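Peer 1: The structure is given below, and queries will be raised subsequently.
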Amino acid sequence: MSTTTAPDKARASELSPVAKFFKATELDTRMLGMVGAMLIIWFVFNILSNGLFLTPRNLWNLSVQTASVAVMATGMVLIIVTRHIDLSVGSILGFVGMIMAVTQVELLPKLVGLENPVTWFIALSIGILIGAAIGAFHGYIIAYLGVPAFIVTLGGLLVWRGAAWWVTSGRTVAPMDETFRLMGGGPFGSIGATASWIIGLVLCIGIIAAIINTRRQRLRFNFPLRPMWAEIFLAVLGCAITLGIIAIFNAYPWPAKIAADYAQANNIAVPEGGLFIAHGIAIPVIIALVVALVMTFISNRTSFGRYVYAIGGNPEAAELAGINTRWITMKIFILMGILCAIAAAISTARLNAATNALGTLDELLVIAAAVIGGTSLAGGSGTIVGAMLGALLMQSLQSGMILLGVDTPLQNIVVGIVLVIAVWVDTLYRKRTA
């Protein structure tokens, strides 16, 4: 034992204080670099916009705008990890969104009446089933017929975009069901200050419990432990970030007119300075967080997730090991279709309408979010958390440029350049760690 620990201690003593800190806390330096880049982008936009970017209102809207792309990016991680690609996600979103809109605006009112309590549930269920069916169709062609995913999903991009137009002959379908609209955010599509603080406290308890559980598991299997100060630091950091985000969301009030109408409808006295009602966390953000937690569990804690990464690391070896690579591939695309349907619900609810432009170029943002978040196009590596942060970074770029009045063509140029740079950085990182 002494012969193995002595060299380790000698090597540890040679590390710089910063290197010792990262080694003890086991923080992902690549992820920290992305967070640092995003913070720099935020501060630059804040300066250029005369302090408008880093306001509770803009950050709240930024979180809502990120939700649909973030949901799809979690599925794109698994697709890229297995060395595939999906170019059709934006078109699937547009098609499924149009189907859900037609269902609740034109079909269900004839069957169950207007504003029926089950309208939103039926529309969402139909959308998820159609999304899963489209994903299964793509996955079958890719896995069992051997057609490359690039070609299949490129065809899907064209087919489902055309199908969305064909459903209504180019008409915009609106308005959505009142309950369905809650999935899009807005004053009534958020949970308020009290519920937000409760969720924040629950998340803090979850962070502490996860750190304790990880330490127990390491003790159980005799794995190296983080120093106790590092465990406490990670717990405090995670809770501070969580509660800080909640505080920002609660600092954004309802518009004065909506708050006054709400007060009048509920016989609430309005103070002289106006009624302050906090938005709190938006429902689409909660949906995105739940999806991220479920996808993280699937990728890290299930045999399906382990098979996905095994296939991405070495498809031939995975098949020789007895993994049904075709069925796994098909399930990945089914999951992607379901996530596209959830994103479609968020997008249509937020717009309160389904248009033929819905989801246009979302495939670019979703792929960019996954790649910028650390998912390697060579396959085998990628994280759900990284994809969520990548989606936030991409939306931050768009939101900041819109705030500054940058034209749409230039926005696309910037997004394209950022994607190329992200892939280049990924290539350099893989060469360095090889």
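Identifiers in this document derive from the order of the structure tokens: chains are assigned A, B, ..., residues are numbered from 1 separately in each chain, and ligands are numbered from 1 in order of occurrence.
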Using only C-alpha atoms, which residues sit within 6 Å of segment 189-202 of chain A once same-chain residues fewer than 3 positions away are excluded, as a ChimeraX atom specification?
Peer 2: /A:182,185-186,205,243,250,278-283
Peer 1: Could you write out the selected residues, including N, CA, C and O atoms, as a CSV table (one decimal), in the first residue's frame?
Peer 2:
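The result, written out as out.csv:
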chain,number,residue,atom,x,y,z
A,182,LEU,N,-51.0,27.2,-20.7
A,182,LEU,CA,-50.2,27.3,-19.6
A,182,LEU,C,-48.8,26.7,-19.8
A,182,LEU,O,-47.8,27.2,-19.1
A,185,GLY,N,-45.9,29.4,-20.7
A,185,GLY,CA,-45.4,30.4,-19.8
A,185,GLY,C,-46.4,31.6,-19.7
A,185,GLY,O,-47.6,31.4,-19.9
A,186,GLY,N,-45.9,32.8,-19.5
A,186,GLY,CA,-46.7,34.0,-19.3
A,186,GLY,C,-47.1,34.1,-17.8
A,186,GLY,O,-46.7,33.3,-17.0
A,205,ILE,N,-32.3,20.2,-1.3
A,205,ILE,CA,-32.3,18.9,-0.5
A,205,ILE,C,-31.9,17.8,-1.5
A,205,ILE,O,-31.1,16.9,-1.1
A,243,LEU,N,-30.9,28.7,-5.5
A,243,LEU,CA,-31.7,29.8,-4.9
A,243,LEU,C,-31.5,31.1,-5.5
A,243,LEU,O,-32.5,31.9,-5.5
A,250,ASN,N,-38.3,35.3,-9.2
A,250,ASN,CA,-39.3,36.0,-8.3
A,250,ASN,C,-39.2,37.5,-8.3
A,250,ASN,O,-40.1,38.1,-7.9
A,278,ALA,N,-45.2,38.1,-8.3
A,278,ALA,CA,-44.0,37.5,-8.9
A,278,ALA,C,-44.4,36.4,-9.9
A,278,ALA,O,-45.3,35.7,-9.6
A,279,HIS,N,-43.7,36.4,-11.0
A,279,HIS,CA,-43.9,35.3,-12.0
A,279,HIS,C,-43.5,33.9,-11.3
A,279,HIS,O,-44.2,33.0,-11.4
A,280,GLY,N,-42.3,33.9,-10.8
A,280,GLY,CA,-41.7,32.7,-10.3
A,280,GLY,C,-41.3,31.8,-11.5
A,280,GLY,O,-41.0,32.3,-12.6
A,281,ILE,N,-41.1,30.5,-11.3
A,281,ILE,CA,-40.6,29.7,-12.4
A,281,ILE,C,-41.7,29.4,-13.4
A,281,ILE,O,-42.9,29.2,-13.0
A,282,ALA,N,-41.4,29.6,-14.7
A,282,ALA,CA,-42.4,29.3,-15.7
A,282,ALA,C,-42.6,27.8,-15.9
A,282,ALA,O,-41.7,27.0,-15.8
A,283,ILE,N,-43.8,27.4,-16.3
A,283,ILE,CA,-44.2,26.0,-16.4
A,283,ILE,C,-43.3,25.4,-17.5
A,283,ILE,O,-42.8,24.2,-17.3
Peer 1: Taking a cut-off of 9 Å and counting only C-alpha atoms, can you build a table that, for each residue of segment 296-366 of chain A near segment 142-162 of chain A, reports the nearest atom pair and how far apart they are in Å (one decimal), sorted by chain then residue number, as a tab-separated table?
Peer 2:
residue	atom	partner	partner_atom	distance
A:Thr325	CA	A:Ala143	CA	8.0
A:Arg326	CA	A:Ala143	CA	4.8
A:Trp327	CA	A:Ala143	CA	7.3
A:Ile328	CA	A:Ala143	CA	8.7
A:Thr329	CA	A:Ala143	CA	6.1
A:Met330	CA	A:Ala143	CA	6.2
A:Asn356	CA	A:Arg161	CA	7.8
A:Ala357	CA	A:Arg161	CA	9.0
A:Thr360	CA	A:Arg161	CA	8.7
Peer 1: Filtering to all heavy atoms, could you give me those residues as a PDB file, in the first residue's frame?
Peer 2:
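The result, stored in again.pdb:
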ATOM      1  N   THR A 325     -28.199  -3.658 -31.210  1.00  0.00           N
ATOM      2  CA  THR A 325     -27.927  -2.282 -31.628  1.00  0.00           C
ATOM      3  C   THR A 325     -29.046  -1.700 -32.488  1.00  0.00           C
ATOM      4  O   THR A 325     -29.324  -0.504 -32.414  1.00  0.00           O
ATOM      5  CB  THR A 325     -26.602  -2.219 -32.400  1.00  0.00           C
ATOM      6  OG1 THR A 325     -26.657  -3.128 -33.511  1.00  0.00           O
ATOM      7  CG2 THR A 325     -25.426  -2.606 -31.504  1.00  0.00           C
ATOM      8  N   ARG A 326     -29.699  -2.529 -33.267  1.00  0.00           N
ATOM      9  CA  ARG A 326     -30.782  -2.024 -34.124  1.00  0.00           C
ATOM     10  C   ARG A 326     -31.963  -1.550 -33.281  1.00  0.00           C
ATOM     11  O   ARG A 326     -32.520  -0.473 -33.531  1.00  0.00           O
ATOM     12  CB  ARG A 326     -31.225  -3.112 -35.097  1.00  0.00           C
ATOM     13  CG  ARG A 326     -30.171  -3.459 -36.159  1.00  0.00           C
ATOM     14  CD  ARG A 326     -30.701  -4.515 -37.099  1.00  0.00           C
ATOM     15  NE  ARG A 326     -29.755  -4.793 -38.179  1.00  0.00           N
ATOM     16  CZ  ARG A 326     -29.980  -5.660 -39.162  1.00  0.00           C
ATOM     17  NH1 ARG A 326     -31.120  -6.322 -39.203  1.00  0.00           N
ATOM     18  NH2 ARG A 326     -29.073  -5.863 -40.103  1.00  0.00           N
ATOM     19  N   TRP A 327     -32.360  -2.369 -32.312  1.00  0.00           N
ATOM     20  CA  TRP A 327     -33.496  -2.005 -31.476  1.00  0.00           C
ATOM     21  C   TRP A 327     -33.172  -0.785 -30.617  1.00  0.00           C
ATOM     22  O   TRP A 327     -34.020   0.092 -30.427  1.00  0.00           O
ATOM     23  CB  TRP A 327     -33.900  -3.186 -30.618  1.00  0.00           C
ATOM     24  CG  TRP A 327     -35.005  -2.938 -29.643  1.00  0.00           C
ATOM     25  CD1 TRP A 327     -35.007  -3.255 -28.327  1.00  0.00           C
ATOM     26  CD2 TRP A 327     -36.278  -2.324 -29.892  1.00  0.00           C
ATOM     27  NE1 TRP A 327     -36.183  -2.885 -27.727  1.00  0.00           N
ATOM     28  CE2 TRP A 327     -36.997  -2.307 -28.675  1.00  0.00           C
ATOM     29  CE3 TRP A 327     -36.882  -1.790 -31.028  1.00  0.00           C
ATOM     30  CZ2 TRP A 327     -38.269  -1.777 -28.554  1.00  0.00           C
ATOM     31  CZ3 TRP A 327     -38.153  -1.243 -30.915  1.00  0.00           C
ATOM     32  CH2 TRP A 327     -38.843  -1.247 -29.699  1.00  0.00           C
ATOM     33  N   ILE A 328     -31.949  -0.702 -30.117  1.00  0.00           N
ATOM     34  CA  ILE A 328     -31.534   0.464 -29.334  1.00  0.00           C
ATOM     35  C   ILE A 328     -31.594   1.722 -30.198  1.00  0.00           C
ATOM     36  O   ILE A 328     -32.088   2.775 -29.767  1.00  0.00           O
ATOM     37  CB  ILE A 328     -30.116   0.268 -28.767  1.00  0.00           C
ATOM     38  CG1 ILE A 328     -30.086  -0.874 -27.749  1.00  0.00           C
ATOM     39  CG2 ILE A 328     -29.617   1.561 -28.120  1.00  0.00           C
ATOM     40  CD1 ILE A 328     -30.904  -0.632 -26.504  1.00  0.00           C
ATOM     41  N   THR A 329     -31.106   1.631 -31.428  1.00  0.00           N
ATOM     42  CA  THR A 329     -31.138   2.774 -32.347  1.00  0.00           C
ATOM     43  C   THR A 329     -32.575   3.217 -32.610  1.00  0.00           C
ATOM     44  O   THR A 329     -32.889   4.415 -32.591  1.00  0.00           O
ATOM     45  CB  THR A 329     -30.455   2.410 -33.677  1.00  0.00           C
ATOM     46  OG1 THR A 329     -29.086   2.079 -33.433  1.00  0.00           O
ATOM     47  CG2 THR A 329     -30.525   3.574 -34.661  1.00  0.00           C
ATOM     48  N   MET A 330     -33.459   2.252 -32.816  1.00  0.00           N
ATOM     49  CA  MET A 330     -34.863   2.589 -33.075  1.00  0.00           C
ATOM     50  C   MET A 330     -35.485   3.264 -31.857  1.00  0.00           C
ATOM     51  O   MET A 330     -36.230   4.252 -31.992  1.00  0.00           O
ATOM     52  CB  MET A 330     -35.626   1.323 -33.445  1.00  0.00           C
ATOM     53  CG  MET A 330     -37.060   1.592 -33.904  1.00  0.00           C
ATOM     54  SD  MET A 330     -37.803   0.129 -34.649  1.00  0.00           S
ATOM     55  CE  MET A 330     -39.504   0.696 -34.843  1.00  0.00           C
ATOM     56  N   ASN A 356     -46.927  27.847 -39.945  1.00  0.00           N
ATOM     57  CA  ASN A 356     -46.073  27.014 -40.781  1.00  0.00           C
ATOM     58  C   ASN A 356     -44.591  27.335 -40.601  1.00  0.00           C
ATOM     59  O   ASN A 356     -43.744  26.611 -41.101  1.00  0.00           O
ATOM     60  CB  ASN A 356     -46.471  27.184 -42.256  1.00  0.00           C
ATOM     61  CG  ASN A 356     -47.710  26.396 -42.602  1.00  0.00           C
ATOM     62  OD1 ASN A 356     -47.661  25.202 -42.849  1.00  0.00           O
ATOM     63  ND2 ASN A 356     -48.857  27.063 -42.589  1.00  0.00           N
ATOM     64  N   ALA A 357     -44.296  28.421 -39.899  1.00  0.00           N
ATOM     65  CA  ALA A 357     -42.899  28.744 -39.615  1.00  0.00           C
ATOM     66  C   ALA A 357     -42.424  28.117 -38.310  1.00  0.00           C
ATOM     67  O   ALA A 357     -41.251  28.225 -37.955  1.00  0.00           O
ATOM     68  CB  ALA A 357     -42.725  30.261 -39.538  1.00  0.00           C
ATOM     69  N   THR A 360     -38.842  26.258 -37.584  1.00  0.00           N
ATOM     70  CA  THR A 360     -37.892  26.494 -38.674  1.00  0.00           C
ATOM     71  C   THR A 360     -36.492  26.759 -38.111  1.00  0.00           C
ATOM     72  O   THR A 360     -36.311  27.593 -37.234  1.00  0.00           O
ATOM     73  CB  THR A 360     -38.343  27.691 -39.533  1.00  0.00           C
ATOM     74  OG1 THR A 360     -39.641  27.421 -40.057  1.00  0.00           O
ATOM     75  CG2 THR A 360     -37.378  27.917 -40.689  1.00  0.00           C
TER      76      THR A 360
END
Peer 1: Report as a PyMOL selection string all protein, DNA and RNA residues lying within 12 Å of Leu364 of chain A, evaluated on only C-alpha atoms, omitting residues in the same chain fewer than 3 positions from it.
Peer 2: chain A and resi 69+72-73+76+85-91+157+359-361+367-372+391+394-395+412-413+415-420
Peer 1: Using DSSP on the backbone, list every residue of segment 74-309 of chain A that comes out as alpha helix (DSSP H), and give them as a PyMOL selection string.
Peer 2: chain A and resi 74-81+89-102+108-112+119-144+149-168+192-220+228-250+256-265+283-301+303-309
Peer 1: How many Å lie between atom CA of Leu114 of chain A and atom CA of Arg181 of chain A, rounded to one decimal?
Peer 2: 14.4 Å
Peer 1: Fewer than 6 positions away in the same chain doesn't count, so skip those; otherwise give me all residues within 12 Å of segment 346-353 of chain A, counting only C-alpha atoms, as a ChimeraX atom specification.
Peer 2: /A:61,64-72,90,93-102,104-105,120,123-124,127,171-189,282-288,339-340,359-360,362
Peer 1: Could you pull the residues within 10 Å of segment 209-224 of chain A, counting only C-alpha atoms, minus those fewer than 6 positions along the same chain, as a ChimeraX atom specification?
Peer 2: /A:203,231-232,234-235
Peer 1: Tell me which of A:Thr119, A:Ser125, A:Gln264, A:Thr74 sits closest to Val366 of chain A, counting only C-alpha atoms.
Peer 2: A:Thr74
